[in-house]
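J.: Okay, handing you the structure first.
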Amino acid sequence: MARISERDITGGMTSAPGDDPRRHTFTPDAGSLSRAGDVFQLLRDGRARTRAELALTTGLARSTVASRIDALISLGLVGPAGEAMSSGGRPPSRFAFNPAARVVLAIDVGATHVILAVTDLGGRILAERRLAQEVADGPEAVLGTVISAGRDLLEDAGRELGDLAGIGIGLPGPVEHDTGRPVKPPIMPGWDGFDVVTYVQRSMPVPVLVDNDVNIMALGERTSSWAEHDNLLFVKVATGIGAGIISRGELQRGANGTAGDLGHVRVPRGDDVLCRCGNYGCLEALASGPAVARQLQAQGLDVSSGPDVLRLAGEGNLQAIQGLRQAGRDVGDVLATVVNLLNPSMIVIGGSVGEVGEYLVAGIREVVYRRSLPLATTHLRIGLSVAGNRAAILGASQMVTQHILSAAVIEATVAGVAKAG
Ligand SMILES: [Zn+2]
């Protein structure tokens with residue numbers, strides 16, 4: 001990600017008050033500097049280890065491990081974690097990842113709300129706030145709210161701007177991830193091509209990463225609840241329908257960031273239903289919250305939105321239940337093909353309709369298990385989102401830490417600090 005300069009990261013890392021790594025002295029050789037990031041990756045699991053254990057695991061010399069640990073301690077990312085059992089003599093010190101070293105500002109911009117959270121580097125939520133905000137008010141209004149509320153939230157969490165390691169933002173539309181710019185987002189007037197990263201960095205000069213909300217929900221859901229599933233599909237069913245694809249543990253964005261856009265795949269029974277995109281028979285025109293509401297309205301029910309449908313279904317209204325179940329079958333029609341193509345082991349259904357969607361999920365299961373190849377469904381689980389409306393902020397935090405704690409960025413940061421010192 002070319003837009004994040006080493007200076008940004010180093011500047012961020014070194015600006016914590018009272019924790020200036022340049023005050024620490026270490027004189028590691030160039031070889032050990034270039035690999036401090038690798039030692040750090042071992043420690044990210046949170047388990048405390050001694051220098052000897054790290055030397056054994058990495059095959060590096062004890063002295064090399066020691067200099068890398070010193071570099072990581074100077075950044076605050078690793079701290080002492082007690083002592084190991086001694087086999088005689090002074091007991092050896094143990095070291096562990098210190099997720100409290102820095103914080104991340106995680107932001108979920110929805111159509112009519114913004115959710116903000118301050119998390120530690122392990123994704124633990126330290127403070128959280130939900131605000132009413134129309135995305136249609138435009139980028140300056142929305143990002144202005146985000147910046148001022150973000151400052152307040154840092155204060156609530158007892159942290160300072162200097163503790164901020166990065167900002168992750170999810171937007172409700174297509175985003176070119178490499179530049180952080182929205183691309184012709186249908187419900188976001190004024191946002192097309194807007195330079196979100198530069199705008200936010202003017203007030204908060206740290207790495208800023210932007211993606212569409214479904215991708216970060218997939219990341220958040222997997223990290224928080226389904227870490228054992230390397231091949232996971234997250235399907236958001238709300239006003240729109242989309243999917244985030246995790247394959248072999250990595251989020252797949254495709255060539256232009258539009259991978260997973262299921263909403264405009266054609267469904268057989270929808271030949272005469274016009275979609276807002278101009279085509280007929282799109283999944284979204286049949287199975288989204290507003291689409292089901294329209295169908296029930298045509299049957300004479302007093303509903304005008306997705307939440308109305310969910311409320312009715314919750315009260316046991318048979319037409320609403322049937323409407324959601326049919327929407328599930330339509331989603332399942334498309335997912336059966338996706339399952340054959342991608343062979344996920346877990347499909348998570350989320351979004352405002354999906355979250356309370358046992359009827360929707362029943363319809364999805366019905367079609368996917370009947371229509372996908374037997375081998376592809378032998379170990380396939382289909383379930384409801386566990387993270388719920390926190391999936392996006394958890395994912396926004398994860399998107400940032402995946403980047404700033406990667407071996408390459410840690411190494412660049414260590415090298416930058418050494419050069420500055
Ligand atoms: Zn469409």
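Within each chain, counting starts at residue 1; across the structure tokens, chains are named A, B, ... in the order shown, with ligands numbered 1 upward in that order.
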Taking only C-alpha atoms and all ligand atoms and a cut-off of 7 Å, can you tell me which residues surround ligand 1, written as an NGL selection string?
T.: :A and (263-264 or 275-280 or 282 or 284-285)
J.: Deliver the residues from the most recent selection as a file, using N, CA, C and O atoms, as a CSV table (one decimal), in the first residue's frame.
T.:
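Dumped everything to out.csv:
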```csv
chain,number,residue,atom,x,y,z
A,263,GLY,N,-25.3,-9.0,-5.2
A,263,GLY,CA,-26.7,-8.4,-5.3
A,263,GLY,C,-27.2,-8.3,-6.7
A,263,GLY,O,-28.5,-8.3,-6.9
A,264,HIS,N,-26.4,-8.3,-7.7
A,264,HIS,CA,-26.9,-8.1,-9.1
A,264,HIS,C,-26.7,-9.3,-9.9
A,264,HIS,O,-26.6,-9.2,-11.2
A,275,CYS,N,-34.5,-3.9,-11.2
A,275,CYS,CA,-33.6,-3.5,-10.1
A,275,CYS,C,-33.2,-2.1,-10.3
A,275,CYS,O,-33.2,-1.5,-11.3
A,276,ARG,N,-32.7,-1.5,-9.2
A,276,ARG,CA,-32.3,-0.1,-9.2
A,276,ARG,C,-31.1,0.1,-10.1
A,276,ARG,O,-30.7,1.2,-10.5
A,277,CYS,N,-30.4,-1.0,-10.5
A,277,CYS,CA,-29.2,-0.9,-11.3
A,277,CYS,C,-29.6,-0.8,-12.8
A,277,CYS,O,-28.8,-0.6,-13.7
A,278,GLY,N,-30.9,-1.0,-13.1
A,278,GLY,CA,-31.4,-0.9,-14.5
A,278,GLY,C,-31.7,-2.3,-15.1
A,278,GLY,O,-32.3,-2.4,-16.2
A,279,ASN,N,-31.1,-3.4,-14.5
A,279,ASN,CA,-31.4,-4.7,-15.0
A,279,ASN,C,-32.6,-5.3,-14.4
A,279,ASN,O,-33.1,-4.9,-13.4
A,280,TYR,N,-33.0,-6.4,-15.0
A,280,TYR,CA,-34.2,-7.2,-14.5
A,280,TYR,C,-33.7,-8.4,-13.7
A,280,TYR,O,-32.7,-9.1,-14.2
A,282,CYS,N,-32.4,-9.0,-10.7
A,282,CYS,CA,-31.3,-9.1,-9.7
A,282,CYS,C,-31.7,-9.6,-8.4
A,282,CYS,O,-32.8,-9.4,-7.9
A,284,GLU,N,-30.9,-8.7,-5.5
A,284,GLU,CA,-31.2,-7.6,-4.6
A,284,GLU,C,-32.7,-7.1,-4.8
A,284,GLU,O,-33.3,-6.7,-3.8
A,285,ALA,N,-33.2,-7.1,-6.0
A,285,ALA,CA,-34.5,-6.7,-6.3
A,285,ALA,C,-35.6,-7.7,-5.8
A,285,ALA,O,-36.8,-7.4,-5.8
```
J.: Enumerate as a PyMOL selection string all residues of stretch 97-164 of chain A assigned to helix (DSSP H, G or I) by DSSP on the backbone, naming them with the chain letters and numbers the document uses.
T.: chain A and resi 99-101+135-137+139-156+161-163
J.: Mind writing the picked residues with N, CA and C atoms as a short mmCIF file (atom, residue, chain, number, x, y, z; two decimals), in the first residue's frame?
T.:
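Writing done, so here's again-v1.cif:
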```
data_model
loop_
_atom_site.label_atom_id
_atom_site.label_comp_id
_atom_site.auth_asym_id
_atom_site.auth_seq_id
_atom_site.Cartn_x
_atom_site.Cartn_y
_atom_site.Cartn_z
N PRO A 99 -0.63 -5.83 23.45
CA PRO A 99 -1.66 -5.23 22.59
C PRO A 99 -2.11 -3.85 23.06
N ALA A 100 -1.81 -3.51 24.32
CA ALA A 100 -2.23 -2.20 24.83
C ALA A 100 -1.28 -1.08 24.40
N ALA A 101 -0.18 -1.45 23.69
CA ALA A 101 0.83 -0.45 23.33
C ALA A 101 0.24 0.72 22.56
N VAL A 135 -25.24 9.09 5.37
CA VAL A 135 -24.07 9.05 4.48
C VAL A 135 -24.29 9.98 3.28
N ALA A 136 -25.57 10.21 2.95
CA ALA A 136 -25.92 11.06 1.82
C ALA A 136 -25.60 12.54 2.09
N ASP A 137 -25.25 12.89 3.34
CA ASP A 137 -24.84 14.27 3.63
C ASP A 137 -23.49 14.61 3.01
N PRO A 139 -19.14 13.44 2.01
CA PRO A 139 -17.93 13.01 2.73
C PRO A 139 -17.45 14.01 3.77
N GLU A 140 -17.53 15.32 3.47
CA GLU A 140 -16.99 16.27 4.45
C GLU A 140 -17.79 16.25 5.75
N ALA A 141 -19.13 16.21 5.61
CA ALA A 141 -19.98 16.17 6.80
C ALA A 141 -19.74 14.88 7.59
N VAL A 142 -19.74 13.75 6.88
CA VAL A 142 -19.61 12.46 7.58
C VAL A 142 -18.23 12.32 8.21
N LEU A 143 -17.18 12.63 7.44
CA LEU A 143 -15.82 12.45 7.97
C LEU A 143 -15.52 13.49 9.05
N GLY A 144 -16.15 14.67 8.95
CA GLY A 144 -16.03 15.67 10.02
C GLY A 144 -16.57 15.11 11.33
N THR A 145 -17.75 14.47 11.25
CA THR A 145 -18.34 13.81 12.43
C THR A 145 -17.41 12.73 12.96
N VAL A 146 -16.87 11.94 12.02
CA VAL A 146 -15.99 10.83 12.40
C VAL A 146 -14.76 11.36 13.15
N ILE A 147 -14.17 12.44 12.65
CA ILE A 147 -12.94 12.96 13.26
C ILE A 147 -13.23 13.53 14.65
N SER A 148 -14.30 14.33 14.78
CA SER A 148 -14.54 14.92 16.10
C SER A 148 -15.01 13.85 17.09
N ALA A 149 -15.87 12.94 16.64
CA ALA A 149 -16.31 11.87 17.55
C ALA A 149 -15.14 10.94 17.88
N GLY A 150 -14.24 10.74 16.92
CA GLY A 150 -13.07 9.89 17.14
C GLY A 150 -12.18 10.47 18.23
N ARG A 151 -12.00 11.79 18.21
CA ARG A 151 -11.19 12.45 19.26
C ARG A 151 -11.82 12.25 20.64
N ASP A 152 -13.16 12.45 20.70
CA ASP A 152 -13.87 12.28 21.97
C ASP A 152 -13.73 10.84 22.49
N LEU A 153 -13.82 9.92 21.55
CA LEU A 153 -13.80 8.51 21.93
C LEU A 153 -12.42 8.09 22.46
N LEU A 154 -11.37 8.65 21.85
CA LEU A 154 -10.01 8.39 22.35
C LEU A 154 -9.92 8.84 23.80
N GLU A 155 -10.50 10.00 24.07
CA GLU A 155 -10.49 10.53 25.43
C GLU A 155 -11.27 9.60 26.37
N ASP A 156 -12.44 9.14 25.91
CA ASP A 156 -13.24 8.19 26.71
C ASP A 156 -12.41 6.95 27.05
N LEU A 161 -4.12 11.16 21.06
CA LEU A 161 -3.95 11.06 19.61
C LEU A 161 -2.61 10.40 19.28
N GLY A 162 -1.59 10.66 20.12
CA GLY A 162 -0.28 10.05 19.91
C GLY A 162 -0.26 8.54 20.07
N ASP A 163 -1.28 7.99 20.72
CA ASP A 163 -1.36 6.54 20.90
C ASP A 163 -1.98 5.84 19.69
#
```
J.: Work out how far apart atom CA of A:Gly173 and atom CA of A:Met346 are and give it in Å to one decimal.
T.: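 Between these atoms lies a distance of 24.2 Å.
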J.: Fewer than 5 positions away in the same chain doesn't count, so skip those; otherwise give me all residues within 6 Å of stretch 212-220 of chain A, counting only C-alpha atoms, as a PyMOL selection string.
T.: chain A and resi 170-175+234+244+391-392+394-396
J.: Output C-alpha atoms of each residue in that selection to a file, as a PDB file, in the first residue's frame.
T.:
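Listed below is the output, out-v1.pdb:
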```pdb
ATOM      1  CA  GLY A 170     -15.818   0.763   6.240  1.00  0.00           C
ATOM      2  CA  LEU A 171     -18.095   2.479   3.718  1.00  0.00           C
ATOM      3  CA  PRO A 172     -21.469   1.284   2.410  1.00  0.00           C
ATOM      4  CA  GLY A 173     -20.468   1.128  -1.256  1.00  0.00           C
ATOM      5  CA  PRO A 174     -17.721   0.003  -3.654  1.00  0.00           C
ATOM      6  CA  VAL A 175     -14.238   1.190  -2.625  1.00  0.00           C
ATOM      7  CA  PHE A 234     -19.834 -13.606   4.767  1.00  0.00           C
ATOM      8  CA  GLY A 244     -17.029 -10.805   1.592  1.00  0.00           C
ATOM      9  CA  ALA A 391     -18.751  -7.183  12.769  1.00  0.00           C
ATOM     10  CA  ALA A 392     -17.777  -4.063  10.824  1.00  0.00           C
ATOM     11  CA  LEU A 394     -14.086  -5.487  14.591  1.00  0.00           C
ATOM     12  CA  GLY A 395     -13.130  -5.932  10.930  1.00  0.00           C
ATOM     13  CA  ALA A 396     -12.025  -2.308  10.528  1.00  0.00           C
TER      14      ALA A 396
END
```
J.: If we count only C-alpha atoms and set the cut-off at 7 Å, which residues sit around stretch 398-412 of chain A, ignoring sequence neighbours fewer than 3 positions away in its own chain? Please answer as a ChimeraX atom specification.
T.: /A:6,33-38,41,121,123,166-168,209,219-220,394-395,415-416
J.: Please, what distance in Å, to one decimal, runs between atom CA of A:Arg381 and atom CA of A:Leu251?
T.: 18.9 Å
J.: Please, which residues of stretch 309-406 of chain A, numbered as in this document, come out strand (DSSP E or B) from DSSP, as a PyMOL selection string?
T.: chain A and resi 346-350+381-384
J.: Would you mind telling me which residue in A:Ala298, A:Val292, A:Leu116, A:Met188 lies nearest to A:Asn389 when using only C-alpha atoms?
T.: A:Leu116
